[in-house]
file data30.txt (compact mmCIF, C-alpha atoms and all ligand atoms)
# COMPACT_ATOMS: atom_id res chain seq x y z
CA MET I 1012 22.65 146.20 -53.16
CA TRP I 1013 21.08 145.24 -49.89
CA ARG I 1014 18.14 142.87 -50.06
CA ARG I 1015 15.61 142.34 -47.34
CA PRO I 1016 16.32 138.85 -45.86
CA SER I 1017 13.29 136.60 -45.92
CA HIS I 1018 13.62 135.98 -42.18
CA ALA I 1019 13.85 139.70 -41.38
CA ASN I 1020 12.71 140.66 -37.94
CA ASN I 1021 12.15 144.08 -36.42
CA GLU I 1022 15.60 144.21 -34.86
CA LEU I 1023 17.34 143.74 -38.25
CA ASP I 1024 15.06 146.33 -39.89
CA MET I 1025 15.94 148.87 -37.21
CA TYR I 1026 19.63 148.29 -37.93
CA TRP I 1027 19.60 148.32 -41.76
CA ALA I 1028 16.84 150.75 -42.67
CA PRO I 1029 18.66 154.03 -41.85
CA ILE I 1030 21.74 152.94 -43.89
CA VAL I 1031 19.57 152.08 -46.92
CA ARG I 1032 17.67 155.36 -46.54
CA ARG I 1033 20.89 157.37 -46.43
CA ARG I 1034 22.10 155.66 -49.63
CA VAL I 1035 18.80 156.40 -51.39
CA ILE I 1036 18.89 160.04 -50.25
CA PHE I 1037 22.54 160.43 -51.30
CA ARG I 1038 21.91 158.94 -54.76
CA THR I 1039 18.78 161.04 -55.26
CA MET I 1040 20.71 164.21 -54.39
CA LEU I 1041 23.52 163.20 -56.77
CA LEU I 1042 21.02 162.63 -59.58
CA GLY I 1043 19.36 165.99 -58.86
CA ALA I 1044 22.73 167.81 -58.97
CA ALA I 1045 23.62 166.10 -62.28
CA LEU I 1046 20.27 167.07 -63.84
CA ALA I 1047 20.66 170.68 -62.63
CA ALA I 1048 24.19 170.82 -64.12
CA VAL I 1049 22.95 169.55 -67.51
CA ALA I 1050 20.04 172.04 -67.52
CA GLY I 1051 22.35 174.87 -66.45
CA ALA I 1052 24.90 174.09 -69.17
CA GLY I 1053 22.23 174.73 -71.81
CA CYS I 1054 21.58 178.22 -70.42
CA VAL I 1055 25.17 179.46 -70.26
CA GLU I 1056 25.90 179.47 -74.03
CA HIS I 1057 23.81 180.61 -77.00
CA HIS I 1058 22.59 184.00 -75.80
CA GLU I 1059 20.85 184.62 -79.13
CA GLN I 1060 18.07 182.21 -78.20
CA SER I 1061 17.68 182.48 -74.44
CA MET I 1062 14.88 183.83 -72.29
CA LEU I 1063 17.51 184.37 -69.58
CA HIS I 1064 19.02 187.21 -71.66
CA PRO I 1065 16.04 189.53 -72.13
CA ALA I 1066 16.39 192.21 -74.83
CA GLY I 1067 12.97 193.83 -74.51
CA PRO I 1068 10.36 194.83 -71.91
CA ALA I 1069 8.14 191.74 -72.42
CA ALA I 1070 11.11 189.40 -72.07
CA ALA I 1071 12.34 191.34 -69.02
CA ARG I 1072 8.93 190.91 -67.39
CA ILE I 1073 8.91 187.17 -68.08
CA ASP I 1074 12.53 186.88 -66.89
CA GLN I 1075 11.62 188.60 -63.62
CA LEU I 1076 8.62 186.29 -63.12
CA TRP I 1077 10.80 183.27 -63.95
CA TRP I 1078 13.42 184.18 -61.32
CA PHE I 1079 10.70 184.90 -58.76
CA LEU I 1080 9.14 181.46 -59.37
CA LEU I 1081 12.54 179.74 -59.33
CA ILE I 1082 13.52 181.31 -56.00
CA VAL I 1083 10.14 180.71 -54.31
CA CYS I 1084 9.73 177.15 -55.64
CA GLY I 1085 13.42 176.37 -55.03
CA GLY I 1086 13.03 177.54 -51.42
CA VAL I 1087 9.92 175.41 -50.95
CA PHE I 1088 11.72 172.42 -52.49
CA LEU I 1089 14.76 172.79 -50.22
CA VAL I 1090 12.66 173.18 -47.05
CA THR I 1091 10.50 170.18 -48.02
CA MET I 1092 13.56 168.02 -48.75
CA GLY I 1093 15.13 169.13 -45.46
CA LEU I 1094 12.01 168.08 -43.56
CA LEU I 1095 11.94 164.78 -45.48
CA VAL I 1096 15.56 164.02 -44.57
CA ALA I 1097 14.90 164.98 -40.95
CA ALA I 1098 11.84 162.72 -40.87
CA LEU I 1099 13.73 159.78 -42.40
CA ALA I 1100 16.62 160.21 -40.00
CA ALA I 1101 14.41 160.68 -36.90
CA ARG I 1102 13.98 157.88 -34.39
CA PRO I 1103 10.41 156.56 -34.17
CA THR I 1104 8.37 158.18 -31.39
CA PRO I 1105 6.08 156.20 -29.13
CA ASN I 1106 2.60 155.75 -30.73
CA ASN I 1107 3.98 157.29 -34.02
CA GLU I 1108 3.03 160.80 -32.90
CA SER I 1109 4.44 163.81 -34.78
CA PRO I 1110 7.17 165.42 -32.67
CA LEU I 1111 6.21 168.85 -34.09
CA GLY I 1112 2.47 168.68 -33.31
CA MET I 1113 -0.75 169.26 -35.22
CA ARG I 1114 -0.28 173.04 -35.40
CA PHE I 1115 2.89 172.60 -37.49
CA ILE I 1116 1.13 170.19 -39.88
CA VAL I 1117 -1.81 172.54 -40.49
CA GLY I 1118 0.41 175.64 -40.68
CA SER I 1119 3.07 174.32 -43.05
CA GLY I 1120 0.85 171.88 -44.93
CA ILE I 1121 -2.22 174.03 -45.61
CA VAL I 1122 -1.89 177.69 -44.58
CA LEU I 1123 1.65 178.38 -45.86
CA PRO I 1124 1.18 176.65 -49.28
CA GLY I 1125 -2.10 178.57 -49.68
CA ILE I 1126 -0.35 181.90 -49.09
CA ILE I 1127 2.57 181.01 -51.40
CA LEU I 1128 0.24 179.87 -54.23
CA LEU I 1129 -1.84 183.06 -53.86
CA VAL I 1130 1.27 185.27 -54.14
CA ILE I 1131 2.42 183.32 -57.22
CA LEU I 1132 -1.04 183.63 -58.79
CA ILE I 1133 -1.14 187.41 -58.25
CA HIS I 1134 2.37 187.84 -59.68
CA SER I 1135 1.53 185.71 -62.76
CA LEU I 1136 -1.74 187.55 -63.42
CA GLN I 1137 0.00 190.94 -63.15
CA ALA I 1138 2.60 189.80 -65.71
CA THR I 1139 -0.10 188.43 -68.04
CA VAL I 1140 -2.03 191.72 -67.97
CA ALA I 1141 1.16 193.73 -68.62
CA LEU I 1142 2.16 191.51 -71.58
CA LYS I 1143 -1.26 191.83 -73.25
CA ALA I 1144 -1.52 195.63 -72.95
CA SER I 1145 -1.90 197.51 -76.26
CA GLN I 1146 0.65 200.19 -77.05
CA ALA I 1147 0.59 203.37 -79.09
CA GLU I 1148 1.86 203.66 -82.68
CA PRO I 1149 2.97 200.07 -83.14
CA LEU I 1150 4.63 198.55 -86.17
CA ALA I 1151 2.28 195.83 -87.47
CA ILE I 1152 3.71 192.55 -88.73
CA ARG I 1153 1.59 189.67 -89.94
CA VAL I 1154 3.15 186.23 -89.61
CA ILE I 1155 1.61 183.10 -91.12
CA GLY I 1156 3.00 179.76 -90.01
CA HIS I 1157 3.30 177.06 -92.66
CA LYS I 1158 4.71 173.56 -92.46
CA TRP I 1159 7.69 174.40 -91.95
CA TRP I 1160 8.38 178.05 -92.72
CA TRP I 1161 7.22 181.57 -91.86
CA GLU I 1162 5.39 183.92 -94.23
CA VAL I 1163 5.98 187.52 -93.10
CA HIS I 1164 4.01 190.62 -94.14
CA TYR I 1165 4.49 194.28 -93.26
CA PRO I 1166 1.05 195.65 -94.27
CA GLN I 1167 1.92 199.30 -93.53
CA GLN I 1168 5.11 199.09 -95.62
CA ASN I 1169 3.71 196.77 -98.30
CA ILE I 1170 6.51 194.21 -97.85
CA THR I 1171 6.20 190.44 -98.13
CA THR I 1172 9.14 188.32 -97.06
CA ALA I 1173 9.79 184.97 -95.40
CA ASN I 1174 11.75 183.30 -92.63
CA GLU I 1175 13.37 186.52 -91.40
CA ILE I 1176 11.96 189.40 -89.37
CA HIS I 1177 13.42 192.90 -89.23
CA LEU I 1178 12.46 195.32 -86.45
CA PRO I 1179 13.35 198.84 -85.39
CA ALA I 1180 14.74 199.09 -81.84
CA GLY I 1181 12.61 200.86 -79.26
CA ARG I 1182 9.29 200.64 -81.12
CA PRO I 1183 6.40 198.39 -80.01
CA VAL I 1184 5.48 195.71 -82.55
CA ARG I 1185 2.05 194.16 -82.86
CA PHE I 1186 2.35 190.67 -84.33
CA GLU I 1187 -0.81 189.26 -85.90
CA LEU I 1188 -0.34 185.52 -86.04
CA ARG I 1189 -2.18 182.89 -88.06
CA ALA I 1190 -1.50 179.32 -89.20
CA ALA I 1191 -2.04 178.06 -92.74
CA ASP I 1192 -2.25 174.40 -91.80
CA VAL I 1193 -1.61 173.06 -88.29
CA ILE I 1194 -0.94 174.84 -84.98
CA HIS I 1195 2.52 176.43 -84.72
CA SER I 1196 3.95 178.61 -81.96
CA PHE I 1197 5.87 181.86 -82.45
CA TRP I 1198 8.68 182.29 -79.94
CA VAL I 1199 11.61 184.70 -79.79
CA PRO I 1200 12.86 183.95 -76.26
CA ASN I 1201 15.05 187.08 -75.99
CA LEU I 1202 12.11 189.33 -76.82
CA GLY I 1203 9.10 187.76 -75.10
CA GLY I 1204 6.74 184.88 -74.58
CA LYS I 1205 5.30 182.27 -76.89
CA MET I 1206 2.06 182.66 -78.84
CA ASP I 1207 0.27 179.94 -80.77
CA LEU I 1208 -0.57 180.41 -84.45
CA LEU I 1209 -3.99 178.88 -85.10
CA PRO I 1210 -5.72 178.03 -88.38
CA GLU I 1211 -8.63 180.42 -89.14
CA HIS I 1212 -8.13 182.53 -86.02
CA ASP I 1213 -5.79 185.47 -85.42
CA THR I 1214 -3.75 185.71 -82.23
CA ILE I 1215 -1.91 188.87 -81.14
CA LEU I 1216 1.53 189.17 -79.58
CA TRP I 1217 3.18 192.43 -78.46
CA LEU I 1218 6.95 192.59 -78.55
CA GLN I 1219 9.57 195.30 -78.44
CA ALA I 1220 13.34 195.13 -78.84
CA ASP I 1221 15.41 197.49 -76.71
CA HIS I 1222 18.55 197.62 -78.85
CA PRO I 1223 19.97 196.42 -82.20
CA GLY I 1224 21.10 192.81 -82.46
CA VAL I 1225 20.22 189.46 -83.97
CA TRP I 1226 18.14 186.91 -82.12
CA ARG I 1227 16.75 183.54 -83.05
CA GLY I 1228 13.07 182.66 -83.09
CA GLN I 1229 11.77 179.12 -83.14
CA CYS I 1230 8.49 177.29 -83.63
CA ALA I 1231 7.66 176.12 -80.12
CA GLU I 1232 4.73 173.79 -80.84
CA TYR I 1233 5.40 170.40 -82.37
CA CYS I 1234 3.98 170.58 -85.90
CA GLY I 1235 5.28 167.34 -87.35
CA GLY I 1236 8.25 166.57 -89.61
CA PRO I 1237 11.08 169.12 -89.44
CA HIS I 1238 9.40 171.18 -86.68
CA ALA I 1239 12.79 171.69 -85.00
CA GLN I 1240 14.05 173.36 -88.20
CA MET I 1241 11.21 175.88 -88.32
CA ALA I 1242 13.22 178.83 -87.04
CA PHE I 1243 13.97 182.41 -88.12
CA PRO I 1244 16.47 185.18 -87.39
CA VAL I 1245 15.12 188.41 -85.88
CA VAL I 1246 17.29 191.35 -86.91
CA VAL I 1247 16.83 194.52 -84.84
CA HIS I 1248 18.05 197.79 -86.36
CA GLU I 1249 18.40 201.38 -85.28
CA GLU I 1250 15.39 203.34 -86.58
CA GLU I 1251 17.26 204.81 -89.61
CA ASP I 1252 18.76 201.44 -90.59
CA PHE I 1253 15.29 199.91 -90.40
CA ALA I 1254 14.01 202.64 -92.73
CA ALA I 1255 16.81 201.70 -95.16
CA TRP I 1256 15.82 198.01 -94.94
CA VAL I 1257 12.20 198.93 -95.64
CA GLU I 1258 13.20 200.98 -98.68
CA ALA I 1259 15.39 198.19 -100.05
CA ASN I 1260 12.67 195.56 -99.57
CA GLN I 1261 9.61 197.49 -100.73
CA GLY I 1262 10.25 197.54 -104.43
CA PRO I 1263 10.23 194.74 -106.98
CA VAL I 1264 13.52 193.20 -108.08
CA SER I 1265 15.34 194.73 -111.03
CA GLU I 1266 15.91 193.00 -114.36
CA PRO I 1267 18.93 190.63 -114.54
CA GLU I 1268 21.96 192.79 -115.29
CA THR I 1269 24.26 190.24 -116.91
CA ALA I 1270 23.84 187.38 -119.36
CA ARG I 1271 24.69 184.89 -116.62
CA LEU I 1272 21.98 186.27 -114.31
CA GLN I 1273 19.54 186.19 -117.22
CA THR I 1274 20.39 182.51 -117.73
CA GLY I 1275 19.78 181.87 -114.01
CA HIS I 1276 16.46 183.72 -114.30
CA ASP I 1277 15.48 181.50 -117.25
CA VAL I 1278 16.48 178.33 -115.35
CA PHE I 1279 14.17 179.46 -112.50
CA PHE I 1280 11.17 179.49 -114.85
CA ARG I 1281 12.20 176.46 -116.91
CA ALA I 1282 12.50 174.38 -113.71
CA ALA I 1283 9.01 175.60 -112.69
CA CYS I 1284 10.27 177.14 -109.42
CA HIS I 1285 7.64 179.87 -109.96
CA ASN I 1286 4.83 177.38 -109.36
CA CYS I 1287 5.67 177.52 -105.65
CA HIS I 1288 7.68 180.73 -105.18
CA ALA I 1289 7.01 184.42 -105.87
CA ILE I 1290 9.52 187.06 -106.96
CA ARG I 1291 7.96 190.52 -107.15
CA GLY I 1292 8.81 192.21 -110.44
CA THR I 1293 8.74 188.91 -112.36
CA GLU I 1294 6.04 186.51 -113.53
CA ALA I 1295 6.71 184.29 -110.50
CA ALA I 1296 3.73 184.45 -108.14
CA GLY I 1297 3.61 181.01 -106.45
CA ARG I 1298 2.35 181.04 -102.87
CA ILE I 1299 3.07 177.48 -101.77
CA GLY I 1300 6.66 178.17 -100.69
CA PRO I 1301 8.49 181.22 -99.29
CA ASP I 1302 8.52 184.52 -101.23
CA LEU I 1303 11.98 184.86 -102.80
CA THR I 1304 11.98 188.62 -103.56
CA HIS I 1305 15.24 189.97 -102.12
CA MET I 1306 16.24 186.49 -100.88
CA GLY I 1307 19.88 187.31 -101.64
CA SER I 1308 19.86 189.60 -98.61
CA ARG I 1309 18.57 186.92 -96.21
CA ARG I 1310 20.82 185.22 -93.72
CA THR I 1311 19.48 181.68 -93.89
CA LEU I 1312 17.82 179.10 -96.12
CA GLY I 1313 14.96 176.73 -95.30
CA ALA I 1314 13.72 178.70 -92.26
CA ALA I 1315 17.14 178.97 -90.62
CA ALA I 1316 18.05 175.39 -91.52
CA VAL I 1317 21.38 176.50 -93.03
CA VAL I 1318 23.37 179.68 -93.70
CA ASN I 1319 22.52 181.40 -97.00
CA ASP I 1320 25.58 181.36 -99.27
CA HIS I 1321 26.30 180.20 -102.82
CA GLU I 1322 27.56 176.73 -101.93
CA ARG I 1323 24.73 175.96 -99.52
CA LEU I 1324 22.13 177.32 -101.92
CA VAL I 1325 23.36 175.07 -104.74
CA ALA I 1326 23.23 172.08 -102.37
CA TRP I 1327 19.80 173.15 -101.09
CA ILE I 1328 18.17 173.44 -104.54
CA SER I 1329 19.83 170.21 -105.67
CA ASP I 1330 18.41 168.25 -102.73
CA PRO I 1331 16.57 170.15 -99.96
CA GLN I 1332 15.96 166.87 -98.15
CA VAL I 1333 19.61 166.64 -97.04
CA ASP I 1334 19.67 169.75 -94.82
CA LYS I 1335 15.99 169.61 -93.81
CA PRO I 1336 14.56 166.10 -94.16
CA GLY I 1337 10.79 165.97 -94.57
CA ASN I 1338 10.18 169.46 -95.98
CA PHE I 1339 7.91 169.81 -99.02
CA MET I 1340 10.48 171.10 -101.53
CA PRO I 1341 11.30 168.34 -104.03
CA ARG I 1342 14.76 167.39 -105.27
CA SER I 1343 15.69 168.92 -108.61
CA SER I 1344 17.18 167.28 -111.67
CA LEU I 1345 19.11 170.37 -112.81
CA SER I 1346 22.68 170.04 -114.02
CA ARG I 1347 25.54 171.44 -111.93
CA GLU I 1348 25.90 174.40 -114.33
CA GLU I 1349 22.16 175.17 -114.15
CA LEU I 1350 22.24 174.99 -110.35
CA GLU I 1351 25.22 177.38 -110.24
CA THR I 1352 23.59 179.99 -112.49
CA LEU I 1353 20.25 179.68 -110.67
CA ALA I 1354 22.00 180.22 -107.32
CA ASP I 1355 23.83 183.25 -108.74
CA TYR I 1356 20.52 184.72 -109.93
CA LEU I 1357 18.71 184.14 -106.61
CA LEU I 1358 21.59 185.58 -104.58
CA SER I 1359 21.58 188.68 -106.82
CA LEU I 1360 18.05 189.47 -105.58
CA LYS I 1361 19.04 191.87 -102.81
CU1 LIG B 1 5.76 174.84 -86.63
CU2 LIG B 1 6.53 173.45 -84.88
call {"tool": "encode", "arguments": {"input": "data30.txt", "output": "structure tokens", "more": "lines below"}}
Ligand code: CUA
result
Amino acid sequence: MWRRPSHANNELDMYWAPIVRRRVIFRTMLLGAALAAVAGAGCVEHHEQSMLHPAGPAAARIDQLWWFLLIVCGGVFLVTMGLLVAALAARPTPNNESPLGMRFIVGSGIVLPGIILLVILIHSLQATVALKASQAEPLAIRVIGHKWWWEVHYPQQNITTANEIHLPAGRPVRFELRAADVIHSFWVPNLGGKMDLLPEHDTILWLQADHPGVWRGQCAEYCGGPHAQMAFPVVVHEEEDFAAWVEANQGPVSEPETARLQTGHDVFFRAACHNCHAIRGTEAAGRIGPDLTHMGSRRTLGAAAVVNDHERLVAWISDPQVDKPGNFMPRSSLSREELETLADYLLSLK
């Protein structure tokens, strides 16, 4: 590393300065390229949670705005850096006058940025208006954000579920969002933009999925503790498959069909799970934790913390703090056999 000698004079400065500048510029460019590569690597994989792979009109609109901003701002950045390099490499002029003149400074420093910012503003406002527009015959879904899970209601279909959202393809959906405690943010990047969930105030978000598939939603506002594990799958069906899902999820659960399932059912109540969880068709009506009616048909546990299968469910009930540290569900003191039968019962609720 070159250090300025204490006896530096103008002649030495003239000799060293350009070399130091070139090193600084080279290293800055290297750092920029490395950062861009890291950021780009995150976008290539994981299409199920990516705003760069739009699967609905709102997301397509945001994607288009994003590319427009990237290209315009990237162009401005490159031109500015080019001018900076040219200025650093230029030989000093007599009296430090600009070689390009005052007209260039006013034009490129005031007029051009003004025009570019105005175009960006108009584009952004157009997108905002389009995203907020109401649509005909929507499906209504009410989502309530809790620390750290999602309560989901379909008021028209009389369905209550949690941590998983099912949609029909090609139909507009009007999400009514609310928070039960602190501010959360509802975000399904493949389908559209983010919307905050606020305590005591509804916010509205319009989304539509173009085709069947499974995407991942995520809380996008830091809400303490396991905020990063406050996620949910969004399952998009063809219209007739969605109707089948509605039918399967509308009714209460049926009585346990075998002695083993009955034992699991009894463990559920003996362990006081019903104080926090509801299962329609049983005495369980707790509202503190997620509704467990039909939880056997859900893909994940703990708001997409882990996959929903027998082994994971046993581990989850035994100690939910392992897979999702900080969540409010306490460890249980059930025996292995009790855990197994309870898991069998819960997974039978389809
Ligand atoms: Cu809820 Cu972050």
call {"tool": "closest_atom_pairs", "arguments": {"input": "data30.txt", "of": "chain I", "to": "ligand LIG 1 (chain B)", "cutoff": "10 Å", "atoms": "only C-alpha atoms and all ligand atoms", "output": "JSON lines"}}
result
{"residue": "I:Gly1156", "atom": "CA", "partner": "B:LIG1", "partner_atom": "CU1", "distance": 6.6}
{"residue": "I:His1157", "atom": "CA", "partner": "B:LIG1", "partner_atom": "CU1", "distance": 6.9}
{"residue": "I:Lys1158", "atom": "CA", "partner": "B:LIG1", "partner_atom": "CU1", "distance": 6.1}
{"residue": "I:Trp1159", "atom": "CA", "partner": "B:LIG1", "partner_atom": "CU1", "distance": 5.7}
{"residue": "I:Trp1160", "atom": "CA", "partner": "B:LIG1", "partner_atom": "CU1", "distance": 7.4}
{"residue": "I:Trp1161", "atom": "CA", "partner": "B:LIG1", "partner_atom": "CU1", "distance": 8.6}
{"residue": "I:Ala1190", "atom": "CA", "partner": "B:LIG1", "partner_atom": "CU1", "distance": 8.9}
{"residue": "I:Asp1192", "atom": "CA", "partner": "B:LIG1", "partner_atom": "CU1", "distance": 9.5}
{"residue": "I:Val1193", "atom": "CA", "partner": "B:LIG1", "partner_atom": "CU1", "distance": 7.8}
{"residue": "I:Ile1194", "atom": "CA", "partner": "B:LIG1", "partner_atom": "CU1", "distance": 6.9}
{"residue": "I:His1195", "atom": "CA", "partner": "B:LIG1", "partner_atom": "CU1", "distance": 4.1}
{"residue": "I:Ser1196", "atom": "CA", "partner": "B:LIG1", "partner_atom": "CU1", "distance": 6.3}
{"residue": "I:Phe1197", "atom": "CA", "partner": "B:LIG1", "partner_atom": "CU1", "distance": 8.2}
{"residue": "I:Asp1207", "atom": "CA", "partner": "B:LIG1", "partner_atom": "CU1", "distance": 9.5}
{"residue": "I:Leu1208", "atom": "CA", "partner": "B:LIG1", "partner_atom": "CU1", "distance": 8.7}
{"residue": "I:Gln1229", "atom": "CA", "partner": "B:LIG1", "partner_atom": "CU2", "distance": 7.9}
{"residue": "I:Cys1230", "atom": "CA", "partner": "B:LIG1", "partner_atom": "CU2", "distance": 4.5}
{"residue": "I:Ala1231", "atom": "CA", "partner": "B:LIG1", "partner_atom": "CU2", "distance": 5.6}
{"residue": "I:Glu1232", "atom": "CA", "partner": "B:LIG1", "partner_atom": "CU2", "distance": 4.4}
{"residue": "I:Tyr1233", "atom": "CA", "partner": "B:LIG1", "partner_atom": "CU2", "distance": 4.1}
{"residue": "I:Cys1234", "atom": "CA", "partner": "B:LIG1", "partner_atom": "CU2", "distance": 4.0}
{"residue": "I:Gly1235", "atom": "CA", "partner": "B:LIG1", "partner_atom": "CU2", "distance": 6.7}
{"residue": "I:Gly1236", "atom": "CA", "partner": "B:LIG1", "partner_atom": "CU2", "distance": 8.5}
{"residue": "I:Pro1237", "atom": "CA", "partner": "B:LIG1", "partner_atom": "CU2", "distance": 7.8}
{"residue": "I:His1238", "atom": "CA", "partner": "B:LIG1", "partner_atom": "CU2", "distance": 4.1}
{"residue": "I:Ala1239", "atom": "CA", "partner": "B:LIG1", "partner_atom": "CU2", "distance": 6.5}
{"residue": "I:Gln1240", "atom": "CA", "partner": "B:LIG1", "partner_atom": "CU2", "distance": 8.2}
{"residue": "I:Met1241", "atom": "CA", "partner": "B:LIG1", "partner_atom": "CU1", "distance": 5.8}
{"residue": "I:Ala1242", "atom": "CA", "partner": "B:LIG1", "partner_atom": "CU1", "distance": 8.5}
call {"tool": "residues_around", "arguments": {"input": "data30.txt", "residues": "segment 1307-1324 of chain I", "least_positions_apart": "3", "cutoff": "9 Å", "atoms": "only C-alpha atoms", "output": "ChimeraX atom specification"}}
result
/I:1159-1161,1173-1175,1227,1240-1244,1301,1303-1304,1327-1329,1331,1334-1335,1338,1350-1351,1354-1361
call {"tool": "atom_distance", "arguments": {"input": "data30.txt", "atom1": "atom CA of Ser1265 of chain I", "atom2": "atom CA of Asp1277 of chain I"}}
result
14.6 Å
call {"tool": "atom_distance", "arguments": {"input": "data30.txt", "atom1": "atom CA of Arg1281 of chain I", "atom2": "atom CA of Pro1267 of chain I"}}
result
15.9 Å
call {"tool": "closest_residue", "arguments": {"input": "data30.txt", "among": "I:Leu1188, I:Leu1272, I:Met1340, I:Ala1048", "to": "Ile1299 of chain I", "atoms": "all atoms listed in the file"}}
result
I:Met1340
call {"tool": "atom_distance", "arguments": {"input": "data30.txt", "atom1": "atom CA of Asp1221 of chain I", "atom2": "atom CA of Arg1189 of chain I"}}
result
25.5 Å
call {"tool": "closest_residue", "arguments": {"input": "data30.txt", "among": "I:Lys1205, I:His1276, I:His1305, I:His1288", "to": "Trp1256 of chain I", "atoms": "only C-alpha atoms"}}
result
I:His1305
call {"tool": "residues_near_point", "arguments": {"input": "data30.txt", "point": "(-2.3, 190.1, -73.0)", "cutoff": "12 Å", "atoms": "all atoms listed in the file", "output": "mmCIF file with C-alpha atoms, in the coordinates of the input"}}
result
data_model
loop_
_atom_site.group_PDB
_atom_site.id
_atom_site.type_symbol
_atom_site.label_atom_id
_atom_site.label_comp_id
_atom_site.auth_asym_id
_atom_site.auth_seq_id
_atom_site.Cartn_x
_atom_site.Cartn_y
_atom_site.Cartn_z
ATOM 1 C CA ALA I 1069 8.140 191.740 -72.420
ATOM 2 C CA SER I 1135 1.530 185.710 -62.760
ATOM 3 C CA LEU I 1136 -1.740 187.550 -63.420
ATOM 4 C CA GLN I 1137 0.000 190.940 -63.150
ATOM 5 C CA ALA I 1138 2.600 189.800 -65.710
ATOM 6 C CA THR I 1139 -0.100 188.430 -68.040
ATOM 7 C CA VAL I 1140 -2.030 191.720 -67.970
ATOM 8 C CA ALA I 1141 1.160 193.730 -68.620
ATOM 9 C CA LEU I 1142 2.160 191.510 -71.580
ATOM 10 C CA LYS I 1143 -1.260 191.830 -73.250
ATOM 11 C CA ALA I 1144 -1.520 195.630 -72.950
ATOM 12 C CA SER I 1145 -1.900 197.510 -76.260
ATOM 13 C CA GLN I 1146 0.650 200.190 -77.050
ATOM 14 C CA ARG I 1185 2.050 194.160 -82.860
ATOM 15 C CA GLY I 1203 9.100 187.760 -75.100
ATOM 16 C CA GLY I 1204 6.740 184.880 -74.580
ATOM 17 C CA LYS I 1205 5.300 182.270 -76.890
ATOM 18 C CA MET I 1206 2.060 182.660 -78.840
ATOM 19 C CA THR I 1214 -3.750 185.710 -82.230
ATOM 20 C CA ILE I 1215 -1.910 188.870 -81.140
ATOM 21 C CA LEU I 1216 1.530 189.170 -79.580
ATOM 22 C CA TRP I 1217 3.180 192.430 -78.460
ATOM 23 C CA LEU I 1218 6.950 192.590 -78.550
#
call {"tool": "axis_aligned_box", "arguments": {"input": "data30.txt", "around": "segment 1065-1068 of chain I", "padding_each_side": "4 Å", "output": "JSON"}}
result
{"center_x": 13.4, "center_y": 192.2, "center_z": -73.4, "size_x": 14.0, "size_y": 13.3, "size_z": 10.9}
call {"tool": "closest_residue", "arguments": {"input": "data30.txt", "among": "I:Ala1255, I:Val1035, I:Ala1283, I:Ile1176", "to": "Gly1224 of chain I", "atoms": "all atoms listed in the file"}}
result
I:Ile1176
call {"tool": "closest_atom_pairs", "arguments": {"input": "data30.txt", "of": "segment 1127-1159 of chain I", "to": "segment 1165-1168 of chain I", "cutoff": "12 Å", "atoms": "all atoms listed in the file", "output": "CSV"}}
result
residue,atom,partner,partner_atom,distance
I:Glu1148,CA,I:Gln1167,CA,11.7
I:Pro1149,CA,I:Gln1167,CA,10.5
I:Leu1150,CA,I:Gln1167,CA,7.9
I:Ala1151,CA,I:Tyr1165,CA,6.4
I:Ile1152,CA,I:Tyr1165,CA,4.9
I:Arg1153,CA,I:Tyr1165,CA,6.4
I:Val1154,CA,I:Tyr1165,CA,8.9
I:Ile1155,CA,I:Tyr1165,CA,11.7
call {"tool": "residues_around", "arguments": {"input": "data30.txt", "residues": "His1285 of chain I", "least_positions_apart": "3", "cutoff": "10 Å", "atoms": "only C-alpha atoms", "output": "number ranges by chain"}}
result
I: 1279-1282, 1288-1290, 1293-1300, 1302-1303
call {"tool": "closest_residue", "arguments": {"input": "data30.txt", "among": "I:Gly1112, I:Pro1179, I:Gly1093, I:Pro1065", "to": "Met1040 of chain I", "atoms": "only C-alpha atoms"}}
result
I:Gly1093
call {"tool": "closest_residue", "arguments": {"input": "data30.txt", "among": "I:Ser1346, I:Asn1201, I:Ser1109, I:Ser1119", "to": "Val1246 of chain I", "atoms": "only C-alpha atoms"}}
result
I:Asn1201
